[in-house]
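Chemist: Before we start, here is the structure in question, set down as structure tokens.
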Amino acid sequence: MCDRSIDRRLFVKAGGLALVSLGIDPIFLTRAAYAGRRPRSGGRGKTLVCVFQRGAVDGLSMIVPHGESRYYEERPRIAVARPGRANGALDLDGHFGFHPALAPLHPLYRSGGLAVVHAVGSPDATRSHFDAQDYMETGTPGRKSTRDGWLNRHMAHARDHRDTPFRGVAIGPRMPRALRGAAPALAIDDLRAFGLRGRPGARDRLTAAFEEMYAGATTGLLATSSEEAFEAVRMLRAADPARRSPAHGAEYPASPFGRAMRQIASLIASDLGVEIAFADVGGWDTHVNQGAADGQLAARLNDLALTLAAFAQDLGEGMADVTVLTMSEFGRTIAENGNGGTDHGHGTAMLVLGGATRGGRVYGRWPTLEVAQRFEGRDLAVTTDFRDLFSEVLVKHLGGTDPSAVFPGYVADRRRWLGLL
């Protein structure tokens with residue numbers, strides 16, 4: 001028996017709803033029971049797009065410290081040349097430079113729309129991809145017991161937002177840890193498969209599956225929650241963002257990341273109320289044959305740059321309400337290894353673009369690459385805790401008020417913020 005006192009608009013507590021067994025593309029929904037209805041705010045709000053570079057990007061060759069000789073001494077084969085030389089870095093401030101594969105982002109940096117944060121990362125010392133990614137997505141470095149993600153906790157604590165099932169959306173086949181928790185969130189592998197234009201018969205079977213999952217006695221779920229699931233499909237059918245073409249001549253790469261960011265742009269432009277969007281881009285674990293100006297790192301960086309530049313061009317003036325934040329679990333060793341690559345390190349670099357970003361600068365205290373200043377004698381030290389950066393973005397861009405509630409055990413202090421927003 002369902003509790004009729006619960007508003008039909010509230011989300012029920014549920015895990016992932018996977019329709020793989022129906023033979024259609026994966027669709028996962030997460031819903032939660034709320035104590036009361038959230039207020040609805042009119043107009044298009046702010047959106048934060050988080051891009052996770054999984055595998056630990058080499059921040060030292062992404063944002064090259066070309067003004068420091070140690071970089072070249074430690075990397076005789078894979079260092080990116082100084083600006084002005086063949087295939088050299090693109091100078092940013094006389095000391096740092098973009099990897100040449102990031103050239104599509106250079107105009108955004110010069111115009112003040114993109115900022116760099118260097119020597120940023122986790123205070124935890126782990127070199128495990130799994131643990132470090134988990135700590136960054138839960139926002140609790142060193143604590144394995146945290147069950148929900150920092151983005152989900154932000155949504156749970158923020159009170160003023162639009163009443164929409166699309167408030168938190170990840171593009172991909174599974175819900176990222178950062179969005180898991182009590183607040184409602186969606187993970188969509190492909191907009192075209194989400195109740196819009198599946199294979200023949202898929203839509204009817206999707207409807208039947210919703211009815212069975214949400215109204216079936218064996219599920220233990222509230223029948224009234226089915227309307228929330230149907231609303232997501234109805235909203236997508238009405239807005240039909242999958243049909244939208246990129247605006248302003250933007251051209252996305254035909255890569256998984258390019259397709260993901262194109263879908264995020266379509267959801268934002270369709271005014272479905274997206275506050276948090278999340279996308280993964282992998283391939284950053286460059287132990288072997290990393291390359292310098294060319295090679296596997298360059299290819300990944302170029303895909304990143306072309307996609308982010310297309311995203312900014314696509315949204316145009318809408319980027320005033322959108323901030324993109326890149327992140328990676330840790331960086332790479334300062335010295336190259338015997339296989340022409342780099343091993344698991346510590347500090348790395350992150351990008352912030354759009355919104356009210358005070359770009360055209362490299363933020364963070366640079367610890368130098370001198371041996372005495374390295375983490376454990378081998379890695380770039382972390383001088384900016386990722387929670388300081390994330391907190392500043394949440395408060396300054398999304399209007400969050402209590403970072404300590406989003407990052408348990410973290411003592412928020414605005415004096416540690418970088419001032420990039």
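Chain labels A, B, ... are given in the sequence in which chains occur in the structure tokens; within each chain residues are numbered consecutively from 1, and ligands are likewise numbered from 1 in the order shown.
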Contacts between segment 342-364 of chain A and segment 70-128 of chain A, please, where a residue of segment 70-128 of chain A counts if it comes within 9 Å (with only C-alpha atoms); show its shortest atom pair and distance in Å to one decimal, rows by chain and ascending number, as a Markdown table.
Modeler:
| residue | atom | partner | partner_atom | distance |
| --- | --- | --- | --- | --- |
| A:Leu92 | CA | A:Arg361 | CA | 7.5 |
| A:Asp93 | CA | A:Arg361 | CA | 7.3 |
| A:Phe96 | CA | A:Val362 | CA | 7.8 |
| A:Leu108 | CA | A:Gly360 | CA | 8.0 |
| A:Tyr109 | CA | A:Gly360 | CA | 4.7 |
| A:Arg110 | CA | A:Gly360 | CA | 5.4 |
| A:Ser111 | CA | A:Gly360 | CA | 6.7 |
| A:Gly112 | CA | A:Gly359 | CA | 4.0 |
| A:Gly113 | CA | A:Gly359 | CA | 4.9 |
| A:Leu114 | CA | A:Leu353 | CA | 4.2 |
| A:Ala115 | CA | A:Gly359 | CA | 4.1 |
| A:Val116 | CA | A:Val362 | CA | 4.6 |
| A:Val117 | CA | A:Tyr363 | CA | 4.6 |
| A:His118 | CA | A:Ala349 | CA | 4.3 |
| A:Ala119 | CA | A:Gly347 | CA | 4.8 |
| A:Val120 | CA | A:Gly347 | CA | 5.4 |
| A:Gly121 | CA | A:Gly347 | CA | 5.2 |
| A:Ser122 | CA | A:Gly347 | CA | 7.6 |
| A:Pro123 | CA | A:His346 | CA | 8.9 |
| A:Asp124 | CA | A:His346 | CA | 9.0 |
| A:Ala125 | CA | A:His346 | CA | 7.3 |
| A:Thr126 | CA | A:His346 | CA | 8.4 |
| A:Arg127 | CA | A:His344 | CA | 5.9 |
| A:Ser128 | CA | A:His344 | CA | 8.1 |
Chemist: Leaving out Gly45 of chain A and any residue of its chain fewer than 3 positions from it, which residues lie within 12 Å of it when counting only C-alpha atoms, given as a list in words?
Modeler: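 Returned residues: Arg40, Ser41, Gly42, Leu48, Asp160, His161, Arg162, Asp163, Arg167, Ile268, Ala269, Asp271, Leu272, Gly273, Val274, Glu275, Ile276, Gly318, Met319, Ala320, Asp321, Val322, Thr323, Gly355, His397, Leu398 and Gly399 of chain A.
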Chemist: Would you write out those residues with N, CA and C atoms, as a tab-separated table (two decimals), in the first residue's frame?
Modeler:
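Below is the file out_6.tsv, written as the result:
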chain	number	residue	atom	x	y	z
A	40	ARG	N	10.40	25.59	-6.95
A	40	ARG	CA	10.69	25.74	-8.36
A	40	ARG	C	11.12	27.18	-8.63
A	41	SER	N	12.23	27.35	-9.33
A	41	SER	CA	12.68	28.69	-9.68
A	41	SER	C	12.52	28.88	-11.17
A	42	GLY	N	12.08	30.03	-11.58
A	42	GLY	CA	11.83	30.28	-12.99
A	42	GLY	C	13.09	30.65	-13.74
A	48	LEU	N	26.70	23.48	-13.95
A	48	LEU	CA	28.09	23.06	-13.79
A	48	LEU	C	28.28	21.76	-14.57
A	160	ASP	N	17.06	25.99	-3.64
A	160	ASP	CA	16.39	26.74	-4.69
A	160	ASP	C	16.82	26.19	-6.05
A	161	HIS	N	15.95	25.40	-6.64
A	161	HIS	CA	16.28	24.85	-7.95
A	161	HIS	C	14.98	24.50	-8.67
A	162	ARG	N	15.09	24.27	-9.96
A	162	ARG	CA	13.92	23.91	-10.74
A	162	ARG	C	13.48	22.48	-10.43
A	163	ASP	N	12.19	22.29	-10.44
A	163	ASP	CA	11.60	20.98	-10.17
A	163	ASP	C	11.61	20.18	-11.46
A	167	ARG	N	17.74	17.52	-13.27
A	167	ARG	CA	18.62	18.42	-12.52
A	167	ARG	C	20.06	17.93	-12.50
A	268	ILE	N	21.18	21.25	-22.17
A	268	ILE	CA	21.20	22.60	-21.60
A	268	ILE	C	20.41	23.55	-22.47
A	269	ALA	N	20.64	23.51	-23.78
A	269	ALA	CA	19.96	24.43	-24.70
A	269	ALA	C	18.46	24.18	-24.75
A	271	ASP	N	16.64	23.70	-22.29
A	271	ASP	CA	16.07	24.29	-21.07
A	271	ASP	C	15.27	23.27	-20.25
A	272	LEU	N	15.90	22.12	-20.02
A	272	LEU	CA	15.28	21.07	-19.22
A	272	LEU	C	15.62	21.19	-17.74
A	273	GLY	N	16.36	22.22	-17.37
A	273	GLY	CA	16.67	22.46	-15.97
A	273	GLY	C	17.91	21.76	-15.47
A	274	VAL	N	18.86	21.47	-16.36
A	274	VAL	CA	20.09	20.79	-15.94
A	274	VAL	C	20.93	21.73	-15.08
A	275	GLU	N	21.22	21.31	-13.87
A	275	GLU	CA	22.10	22.07	-12.98
A	275	GLU	C	23.49	21.44	-12.93
A	276	ILE	N	23.54	20.11	-12.89
A	276	ILE	CA	24.79	19.38	-12.86
A	276	ILE	C	24.82	18.42	-14.05
A	318	GLY	N	25.14	31.46	-24.09
A	318	GLY	CA	24.67	30.62	-22.99
A	318	GLY	C	25.78	30.18	-22.06
A	319	MET	N	27.03	30.28	-22.51
A	319	MET	CA	28.15	29.91	-21.65
A	319	MET	C	28.28	30.83	-20.45
A	320	ALA	N	27.61	31.97	-20.48
A	320	ALA	CA	27.63	32.86	-19.31
A	320	ALA	C	27.01	32.17	-18.10
A	321	ASP	N	26.12	31.20	-18.33
A	321	ASP	CA	25.46	30.48	-17.24
A	321	ASP	C	26.03	29.09	-17.02
A	322	VAL	N	27.10	28.74	-17.75
A	322	VAL	CA	27.66	27.39	-17.70
A	322	VAL	C	29.14	27.47	-17.33
A	323	THR	N	29.54	26.70	-16.36
A	323	THR	CA	30.96	26.55	-16.03
A	323	THR	C	31.35	25.10	-16.24
A	355	GLY	N	31.09	30.61	-17.63
A	355	GLY	CA	30.53	31.31	-16.48
A	355	GLY	C	31.20	32.64	-16.25
A	397	HIS	N	29.58	29.84	-8.43
A	397	HIS	CA	28.82	29.64	-9.67
A	397	HIS	C	27.40	29.16	-9.40
A	398	LEU	N	27.24	28.14	-8.55
A	398	LEU	CA	25.92	27.57	-8.33
A	398	LEU	C	25.18	28.17	-7.13
A	399	GLY	N	25.87	29.00	-6.35
A	399	GLY	CA	25.20	29.62	-5.22
A	399	GLY	C	25.11	28.74	-3.99
Chemist: Which of these residues is nearest to Gly59 of chain A, using only C-alpha atoms: A:Pro104, A:Ala310, A:Pro165, A:Gly97?
Modeler: A:Gly97
